[in-house]
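Asks: Supplied structure: final.cif, mmCIF, C-alpha atoms (C1' of nucleotides).
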```cif
data_my_file
#
loop_
_atom_site.label_atom_id
_atom_site.label_comp_id
_atom_site.auth_asym_id
_atom_site.auth_seq_id
_atom_site.Cartn_x
_atom_site.Cartn_y
_atom_site.Cartn_z
CA MET A 655 67.43 106.27 93.77
CA ILE A 656 69.38 105.93 90.55
CA PHE A 657 73.11 105.30 90.41
CA ASP A 658 74.37 106.10 86.96
CA GLU A 659 77.93 105.17 86.16
CA ASN A 660 78.40 108.36 84.20
CA SER A 661 76.91 110.73 86.73
CA CYS A 662 78.18 109.09 89.94
CA PRO A 663 80.89 111.28 91.52
CA VAL A 664 82.35 108.26 93.30
CA THR A 665 82.95 106.59 89.95
CA ALA A 666 84.52 109.79 88.63
CA THR A 667 86.99 109.70 91.50
CA MET A 668 87.73 106.05 90.88
CA LYS A 669 88.59 106.84 87.29
CA VAL A 670 91.22 109.31 88.48
CA LEU A 671 92.88 107.14 91.12
CA GLY A 672 91.84 103.70 89.93
CA GLY A 673 94.03 101.13 88.26
CA LYS A 674 96.97 99.35 89.76
CA TRP A 675 99.39 102.23 90.24
CA LYS A 676 97.80 105.66 90.51
CA ALA A 677 96.88 105.66 94.18
CA ILE A 678 100.29 104.38 95.18
CA LEU A 679 101.94 106.96 92.93
CA ILE A 680 99.99 109.82 94.43
CA ASN A 681 100.90 108.50 97.84
CA ALA A 682 104.55 108.24 96.85
CA ILE A 683 104.70 111.76 95.43
CA TYR A 684 102.87 113.03 98.48
CA HIS A 685 105.64 111.66 100.69
CA THR A 686 108.55 112.36 98.33
CA SER A 687 107.98 115.80 96.91
CA PRO A 688 109.50 116.76 94.59
CA ALA A 689 109.97 113.30 93.14
CA ARG A 690 112.21 112.50 90.21
CA PHE A 691 111.33 109.92 87.59
CA GLY A 692 114.14 107.49 88.39
CA GLU A 693 113.49 107.96 92.07
CA LEU A 694 109.89 106.89 91.65
CA ARG A 695 110.90 103.98 89.46
CA ARG A 696 113.15 102.70 92.22
CA SER A 697 110.88 103.38 95.17
CA VAL A 698 107.61 102.16 93.67
CA LYS A 699 108.43 98.48 93.59
CA GLY A 700 107.41 96.47 90.54
CA ILE A 701 106.35 99.30 88.27
CA THR A 702 107.75 99.31 84.74
CA GLN A 703 109.07 102.38 82.97
CA SER A 704 106.23 102.46 80.49
CA MET A 705 103.56 102.18 83.18
CA LEU A 706 105.25 104.86 85.24
CA THR A 707 105.30 107.19 82.25
CA SER A 708 101.72 106.58 81.20
CA GLN A 709 100.28 106.84 84.70
CA LEU A 710 102.18 110.05 85.41
CA ARG A 711 100.87 111.50 82.15
CA GLU A 712 97.30 110.65 83.02
CA LEU A 713 97.67 112.17 86.47
CA GLU A 714 99.12 115.26 84.86
CA ASP A 715 96.23 115.46 82.40
CA ASP A 716 93.81 115.21 85.28
CA GLY A 717 95.48 118.15 86.99
CA ILE A 718 96.70 116.06 89.93
CA ILE A 719 100.44 116.47 89.48
CA ASN A 720 102.87 118.99 88.04
CA ARG A 721 105.71 118.03 85.75
CA LYS A 722 108.68 120.35 85.88
CA ILE A 723 111.42 119.85 83.29
CA TYR A 724 114.94 121.14 83.87
CA ALA A 725 116.94 121.82 80.71
CA GLU A 726 120.05 120.10 81.94
CA ILE A 727 122.39 117.34 80.89
CA PRO A 728 121.57 114.76 82.09
CA PRO A 729 117.86 115.59 81.94
CA ARG A 730 115.93 116.08 85.13
CA VAL A 731 112.17 116.01 85.67
CA GLU A 732 110.47 116.62 88.97
CA TYR A 733 106.93 115.69 89.90
CA THR A 734 104.89 117.41 92.59
CA LEU A 735 101.24 117.38 93.56
CA THR A 736 99.27 120.36 92.33
CA GLU A 737 97.05 122.31 94.70
CA PHE A 738 94.16 120.34 93.31
CA GLY A 739 96.10 117.12 93.75
CA LEU A 740 96.63 117.99 97.39
CA THR A 741 92.87 118.02 97.87
CA LEU A 742 93.10 114.27 97.36
CA SER A 743 95.26 113.79 100.43
CA PRO A 744 92.36 113.34 102.87
CA ILE A 745 91.14 110.49 100.69
CA ILE A 746 94.57 108.95 100.31
CA LEU A 747 95.31 109.20 104.01
CA SER A 748 91.97 107.74 105.07
CA MET A 749 92.48 104.98 102.53
CA ALA A 750 95.87 104.24 104.05
CA ASP A 751 94.26 104.13 107.48
CA TRP A 752 91.51 101.84 106.38
CA GLY A 753 93.91 99.57 104.52
CA LYS A 754 95.77 98.94 107.75
CA GLN A 755 92.58 97.94 109.57
CA TYR A 756 91.68 95.69 106.68
CA LYS A 757 95.00 93.89 106.86
CA LEU A 758 94.57 93.29 110.58
CA LYS A 759 91.14 91.85 109.91
CA LYS A 760 92.48 89.58 107.19
CA LYS A 761 95.16 88.20 109.49
CA LYS A 762 92.56 87.18 112.05
CA GLN A 763 90.67 85.25 109.39
CA ASP A 764 93.68 82.97 108.79
CA MET B 880 111.20 105.66 101.13
CA ILE B 881 110.01 102.41 99.59
CA PHE B 882 106.49 101.92 98.27
CA ASP B 883 105.83 98.24 97.90
CA GLU B 884 102.68 97.21 96.11
CA ASN B 885 102.14 94.35 98.51
CA SER B 886 102.72 96.27 101.72
CA CYS B 887 101.07 99.57 100.75
CA PRO B 888 97.80 100.00 102.69
CA VAL B 889 96.47 102.34 99.99
CA THR B 890 96.83 99.57 97.44
CA ALA B 891 95.12 97.15 99.80
CA THR B 892 92.14 99.50 99.96
CA MET B 893 92.11 99.86 96.20
CA LYS B 894 91.87 96.12 95.84
CA VAL B 895 88.71 96.12 97.94
CA LEU B 896 86.90 99.00 96.25
CA GLY B 897 88.67 99.03 92.90
CA GLY B 898 87.24 97.86 89.63
CA LYS B 899 84.38 99.34 87.72
CA TRP B 900 81.49 98.62 90.07
CA LYS B 901 82.47 98.11 93.70
CA ALA B 902 82.65 101.71 94.83
CA ILE B 903 79.34 102.53 93.19
CA LEU B 904 77.79 99.42 94.71
CA ILE B 905 78.96 100.30 98.21
CA ASN B 906 77.60 103.78 97.67
CA ALA B 907 74.30 102.38 96.43
CA ILE B 908 73.89 99.98 99.35
CA TYR B 909 74.89 102.78 101.71
CA HIS B 910 71.99 104.87 100.44
CA THR B 911 69.52 102.01 99.91
CA SER B 912 69.82 99.76 102.92
CA PRO B 913 68.64 97.06 102.92
CA ALA B 914 69.01 96.64 99.18
CA ARG B 915 67.50 93.78 97.23
CA PHE B 916 69.26 92.18 94.29
CA GLY B 917 66.77 93.24 91.65
CA GLU B 918 66.60 96.69 93.16
CA LEU B 919 70.35 97.10 92.75
CA ARG B 920 70.22 95.73 89.23
CA ARG B 921 67.69 98.38 88.29
CA SER B 922 69.24 101.32 90.15
CA VAL B 923 72.88 100.72 89.24
CA LYS B 924 72.66 101.59 85.58
CA GLY B 925 74.51 99.42 83.10
CA ILE B 926 75.56 96.60 85.39
CA THR B 927 74.83 93.07 84.23
CA GLN B 928 73.44 90.31 86.42
CA SER B 929 76.66 88.36 86.38
CA MET B 930 78.80 91.35 87.32
CA LEU B 931 76.38 92.29 90.07
CA THR B 932 76.55 88.78 91.49
CA SER B 933 80.32 88.47 91.33
CA GLN B 934 81.01 91.91 92.78
CA LEU B 935 78.55 91.38 95.63
CA ARG B 936 80.22 88.05 96.42
CA GLU B 937 83.65 89.65 96.55
CA LEU B 938 82.40 92.42 98.81
CA GLU B 939 80.84 89.78 101.03
CA ASP B 940 84.09 87.81 101.15
CA ASP B 941 85.91 90.98 102.16
CA GLY B 942 83.51 91.49 105.03
CA ILE B 943 82.06 94.69 103.59
CA ILE B 944 78.47 93.61 103.11
CA ASN B 945 76.02 91.16 104.63
CA ARG B 946 73.85 88.87 102.56
CA LYS B 947 70.59 87.89 104.20
CA ILE B 948 68.51 85.21 102.52
CA TYR B 949 64.79 84.89 103.18
CA ALA B 950 63.37 81.41 102.61
CA GLU B 951 60.37 82.62 100.68
CA ILE B 952 58.69 82.08 97.37
CA PRO B 953 59.62 84.10 95.41
CA PRO B 954 63.13 84.26 96.88
CA ARG B 955 64.35 87.42 98.56
CA VAL B 956 67.89 88.47 99.37
CA GLU B 957 68.83 91.67 101.14
CA TYR B 958 72.22 93.32 101.20
CA THR B 959 73.42 95.66 103.92
CA LEU B 960 76.78 97.09 104.87
CA THR B 961 78.47 95.33 107.77
CA GLU B 962 79.87 97.33 110.66
CA PHE B 963 83.24 97.02 109.02
CA GLY B 964 81.75 98.10 105.70
CA LEU B 965 80.39 101.20 107.38
CA THR B 966 83.94 102.21 108.30
CA LEU B 967 84.37 102.79 104.57
CA SER B 968 81.74 105.51 104.49
CA PRO B 969 84.12 108.39 105.29
CA ILE B 970 86.17 107.35 102.26
CA ILE B 971 83.16 106.91 100.02
CA LEU B 972 81.66 110.23 101.09
CA SER B 973 84.88 112.16 100.63
CA MET B 974 85.32 110.49 97.27
CA ALA B 975 81.84 111.63 96.29
CA ASP B 976 82.72 115.14 97.40
CA TRP B 977 85.97 115.18 95.50
CA GLY B 978 84.36 113.74 92.39
CA LYS B 979 81.99 116.70 92.27
CA GLN B 980 84.86 119.17 92.44
CA TYR B 981 86.65 117.24 89.74
CA LYS B 982 83.67 117.43 87.42
CA LEU B 983 83.42 121.17 87.92
CA LYS B 984 87.09 121.48 87.06
CA LYS B 985 86.68 119.38 83.93
CA LYS B 986 83.83 121.53 82.70
CA LYS B 987 85.96 124.64 82.90
CA GLN B 988 88.62 123.00 80.76
CA ASP B 989 86.16 122.62 77.84
"C1'" DC C 804 118.25 110.39 82.55
"C1'" DG C 805 113.77 110.20 81.19
"C1'" DG C 806 111.41 108.84 78.25
"C1'" DG C 807 108.74 106.77 73.25
"C1'" DA C 808 107.27 102.99 70.24
"C1'" DT C 809 105.94 98.45 69.59
"C1'" DC C 810 104.25 94.01 70.47
"C1'" DC C 811 102.02 90.78 73.49
"C1'" DC C 812 99.15 88.50 77.02
"C1'" DT C 813 96.24 87.83 80.76
"C1'" DA C 814 92.28 89.04 83.48
"C1'" DA C 815 88.50 92.12 83.98
"C1'" DG C 816 84.37 92.79 82.21
"C1'" DG C 817 80.15 91.74 79.16
"C1'" DA C 818 76.35 88.95 76.46
"C1'" DT C 819 73.44 85.30 76.46
"C1'" DA C 820 70.97 81.32 77.92
"C1'" DC C 821 69.43 78.43 81.55
"C1'" DT C 822 67.66 77.17 86.64
"C1'" DG C 823 66.01 76.28 91.75
"C1'" DC D 737 63.49 86.51 92.10
"C1'" DA D 738 68.02 85.79 92.36
"C1'" DG D 739 70.97 83.77 90.77
"C1'" DT D 740 74.75 79.90 87.50
"C1'" DA D 741 77.17 78.57 83.61
"C1'" DT D 742 79.49 79.56 79.18
"C1'" DC D 743 81.49 81.88 75.94
"C1'" DC D 744 83.50 86.02 74.12
"C1'" DT D 745 85.69 90.72 73.77
"C1'" DT D 746 88.53 94.37 75.23
"C1'" DA D 747 91.65 97.11 77.65
"C1'" DG D 748 94.86 97.28 81.36
"C1'" DG D 749 99.15 96.12 82.14
"C1'" DG D 750 103.92 94.22 80.94
"C1'" DA D 751 108.44 93.18 78.16
"C1'" DT D 752 111.62 94.72 75.14
"C1'" DC D 753 114.10 97.76 72.26
"C1'" DC D 754 115.24 102.37 70.74
"C1'" DC D 755 116.23 107.62 71.29
"C1'" DG D 756 117.52 112.87 72.35
#
```
Give the structure from this file in structure tokens form.
Replies:
Amino acid sequence: MIFDENSCPVTATMKVLGGKWKAILINAIYHTSPARFGELRRSVKGITQSMLTSQLRELEDDGIINRKIYAEIPPRVEYTLTEFGLTLSPIILSMADWGKQYKLKKKKQD
Amino acid sequence: MIFDENSCPVTATMKVLGGKWKAILINAIYHTSPARFGELRRSVKGITQSMLTSQLRELEDDGIINRKIYAEIPPRVEYTLTEFGLTLSPIILSMADWGKQYKLKKKKQD
DNA sequence: CGGGATCCCTAAGGATACTG
DNA sequence: CAGTATCCTTAGGGATCCCG
């Protein structure tokens, strides 16, 4: 069997939620919907403004999240998962599950 | 709610199957078990020997795959998923599923 | 408040040659 | 056959400053 990087659907998924921040951002928006920009910046520990902006844009381009702008002063922007983004939740939730098991396993090794 | 990079189980999972090759390698070994080194090098298109070696080592260190060495000439090494590695299959399979939907969606956008 | 623009640096990834 | 060992390139990520 041939596993081509460009045709592999698993790799396609990894491109969408890969990198250091996307999975955690999807998870955060999933639990904090709607989520404001500053709210995410505070709750997602360690992320910089520029990374938060760029990752949110890429998620938006991929159809995972919605960006709703309110014409107010001061400005307000709210992020929510799209319907398509919600189809990721089984993956995110099972990843969260597995991550917990993995941490337990790691502790035993020490 | 606080989402800490170091405590987030989703991030922990991403560290295990993140990067360019690990998810596709797990998928490949899942479908080609036991998988020999050269076999993987041929079937996983585009991967180099050094990347294949390093990624397999990291997966082994994480307890995802087994590495069985046969004391033969010429040498033979077989890789299989561990029991713990098999617990990843729901994630991998749902990622494969989702990736297909994502590709369909992308095509429509063009 | 929610960004954009710019510059910078490390680490992930890749190419090549050699070996038990 | 299944790797090591080196060297090299790039892009992911980060810091800082500026703006409507």
Asks: Using Å and a single decimal, report how far CA of Ser697 in chain A sits from CA of Leu742 in chain A.
Replies: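 Distance between the two atoms: 21.0 Å.
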Asks: When the PyMOL selection byres ((chain B) within 10 of (chain A)) is applied to the structure above, which residues does it catch, written out as a PyMOL selection string?
Replies: chain B and resi 880-907+910-911+918-919+921-926+941-942+963+966-967+969-982+984-985
Asks: List, as a ChimeraX atom specification, every residue that the PyMOL selection byres ((chain D and resi 737) around 8) selects in the file provided.
Replies: /B:917,953-955 /D:738
Asks: Evaluating the PyMOL selection byres ((chain C) within 8 of (chain A)) on the displayed file yields which residues, as a list in words?
Replies: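 On the file shown, the PyMOL selection byres ((chain C) within 8 of (chain A)) covers DC804, DG805 and DG806 of chain C.
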Asks: Store the residues of this selection in a file with C-alpha atoms (C1' of nucleotides), as a short mmCIF file (atom, residue, chain, number, x, y, z; two decimals), in the coordinates of the input.
Replies:
```cif
data_model
loop_
_atom_site.label_atom_id
_atom_site.label_comp_id
_atom_site.auth_asym_id
_atom_site.auth_seq_id
_atom_site.Cartn_x
_atom_site.Cartn_y
_atom_site.Cartn_z
"C1'" DC C 804 118.25 110.39 82.55
"C1'" DG C 805 113.77 110.20 81.19
"C1'" DG C 806 111.41 108.84 78.25
#
```
Asks: Identify every residue of chain D that has at least one atom within 10 Å of any atom of chain A, counting all atoms listed in the file, and report the result as a JSON list (two decimals) with C-alpha atoms (C1' of nucleotides), keeping the file's coordinate frame.
Replies:
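What ended up in iface-v3.json:
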```json
[["chain", "number", "residue", "atom", "x", "y", "z"],
["D", 748, "DG", "C1'", 94.86, 97.28, 81.36],
["D", 749, "DG", "C1'", 99.15, 96.12, 82.14],
["D", 750, "DG", "C1'", 103.92, 94.22, 80.94],
["D", 751, "DA", "C1'", 108.44, 93.18, 78.16],
["D", 756, "DG", "C1'", 117.52, 112.87, 72.35]]
```
Asks: Could you please fill out range 917-933 of chain B with N, CA, C and O atoms and send it back as an mmCIF file, in the frame of the given file?
Replies:
```cif
data_model
loop_
_atom_site.group_PDB
_atom_site.id
_atom_site.type_symbol
_atom_site.label_atom_id
_atom_site.label_comp_id
_atom_site.auth_asym_id
_atom_site.auth_seq_id
_atom_site.Cartn_x
_atom_site.Cartn_y
_atom_site.Cartn_z
ATOM 1 N N GLY B 917 67.405 92.658 92.819
ATOM 2 C CA GLY B 917 66.770 93.240 91.650
ATOM 3 C C GLY B 917 66.732 94.760 91.709
ATOM 4 O O GLY B 917 66.843 95.436 90.688
ATOM 5 N N GLU B 918 66.609 95.249 92.927
ATOM 6 C CA GLU B 918 66.600 96.690 93.160
ATOM 7 C C GLU B 918 67.940 97.296 92.748
ATOM 8 O O GLU B 918 67.995 98.328 92.061
ATOM 9 N N LEU B 919 69.018 96.625 93.128
ATOM 10 C CA LEU B 919 70.350 97.100 92.750
ATOM 11 C C LEU B 919 70.543 96.998 91.229
ATOM 12 O O LEU B 919 71.116 97.888 90.602
ATOM 13 N N ARG B 920 70.052 95.918 90.672
ATOM 14 C CA ARG B 920 70.220 95.730 89.230
ATOM 15 C C ARG B 920 69.517 96.853 88.456
ATOM 16 O O ARG B 920 70.003 97.309 87.429
ATOM 17 N N ARG B 921 68.412 97.298 88.967
ATOM 18 C CA ARG B 921 67.690 98.380 88.290
ATOM 19 C C ARG B 921 68.332 99.750 88.564
ATOM 20 O O ARG B 921 68.432 100.585 87.671
ATOM 21 N N SER B 922 68.767 99.973 89.803
ATOM 22 C CA SER B 922 69.240 101.320 90.150
ATOM 23 C C SER B 922 70.680 101.570 89.704
ATOM 24 O O SER B 922 71.031 102.704 89.366
ATOM 25 N N VAL B 923 71.512 100.543 89.705
ATOM 26 C CA VAL B 923 72.880 100.720 89.240
ATOM 27 C C VAL B 923 72.905 100.513 87.730
ATOM 28 O O VAL B 923 72.970 99.395 87.228
ATOM 29 N N LYS B 924 72.844 101.616 87.017
ATOM 30 C CA LYS B 924 72.660 101.590 85.580
ATOM 31 C C LYS B 924 73.839 100.942 84.852
ATOM 32 O O LYS B 924 74.986 101.283 85.106
ATOM 33 N N GLY B 925 73.498 99.989 83.977
ATOM 34 C CA GLY B 925 74.510 99.420 83.100
ATOM 35 C C GLY B 925 75.145 98.133 83.601
ATOM 36 O O GLY B 925 75.820 97.438 82.845
ATOM 37 N N ILE B 926 74.942 97.813 84.867
ATOM 38 C CA ILE B 926 75.560 96.600 85.390
ATOM 39 C C ILE B 926 74.771 95.373 84.926
ATOM 40 O O ILE B 926 73.554 95.430 84.797
ATOM 41 N N THR B 927 75.493 94.308 84.639
ATOM 42 C CA THR B 927 74.830 93.070 84.230
ATOM 43 C C THR B 927 74.609 92.185 85.456
ATOM 44 O O THR B 927 75.246 92.373 86.495
ATOM 45 N N GLN B 928 73.735 91.209 85.307
ATOM 46 C CA GLN B 928 73.440 90.310 86.420
ATOM 47 C C GLN B 928 74.699 89.613 86.912
ATOM 48 O O GLN B 928 74.954 89.523 88.116
ATOM 49 N N SER B 929 75.491 89.130 85.964
ATOM 50 C CA SER B 929 76.660 88.360 86.380
ATOM 51 C C SER B 929 77.674 89.233 87.105
ATOM 52 O O SER B 929 78.260 88.801 88.106
ATOM 53 N N MET B 930 77.886 90.449 86.619
ATOM 54 C CA MET B 930 78.800 91.350 87.320
ATOM 55 C C MET B 930 78.255 91.687 88.699
ATOM 56 O O MET B 930 79.001 91.696 89.681
ATOM 57 N N LEU B 931 76.966 91.959 88.775
ATOM 58 C CA LEU B 931 76.380 92.290 90.070
ATOM 59 C C LEU B 931 76.602 91.157 91.059
ATOM 60 O O LEU B 931 77.056 91.380 92.190
ATOM 61 N N THR B 932 76.344 89.937 90.620
ATOM 62 C CA THR B 932 76.550 88.780 91.490
ATOM 63 C C THR B 932 77.997 88.664 91.936
ATOM 64 O O THR B 932 78.300 88.551 93.126
ATOM 65 N N SER B 933 78.918 88.710 90.981
ATOM 66 C CA SER B 933 80.320 88.470 91.330
ATOM 67 C C SER B 933 80.866 89.565 92.239
ATOM 68 O O SER B 933 81.603 89.291 93.196
#
```
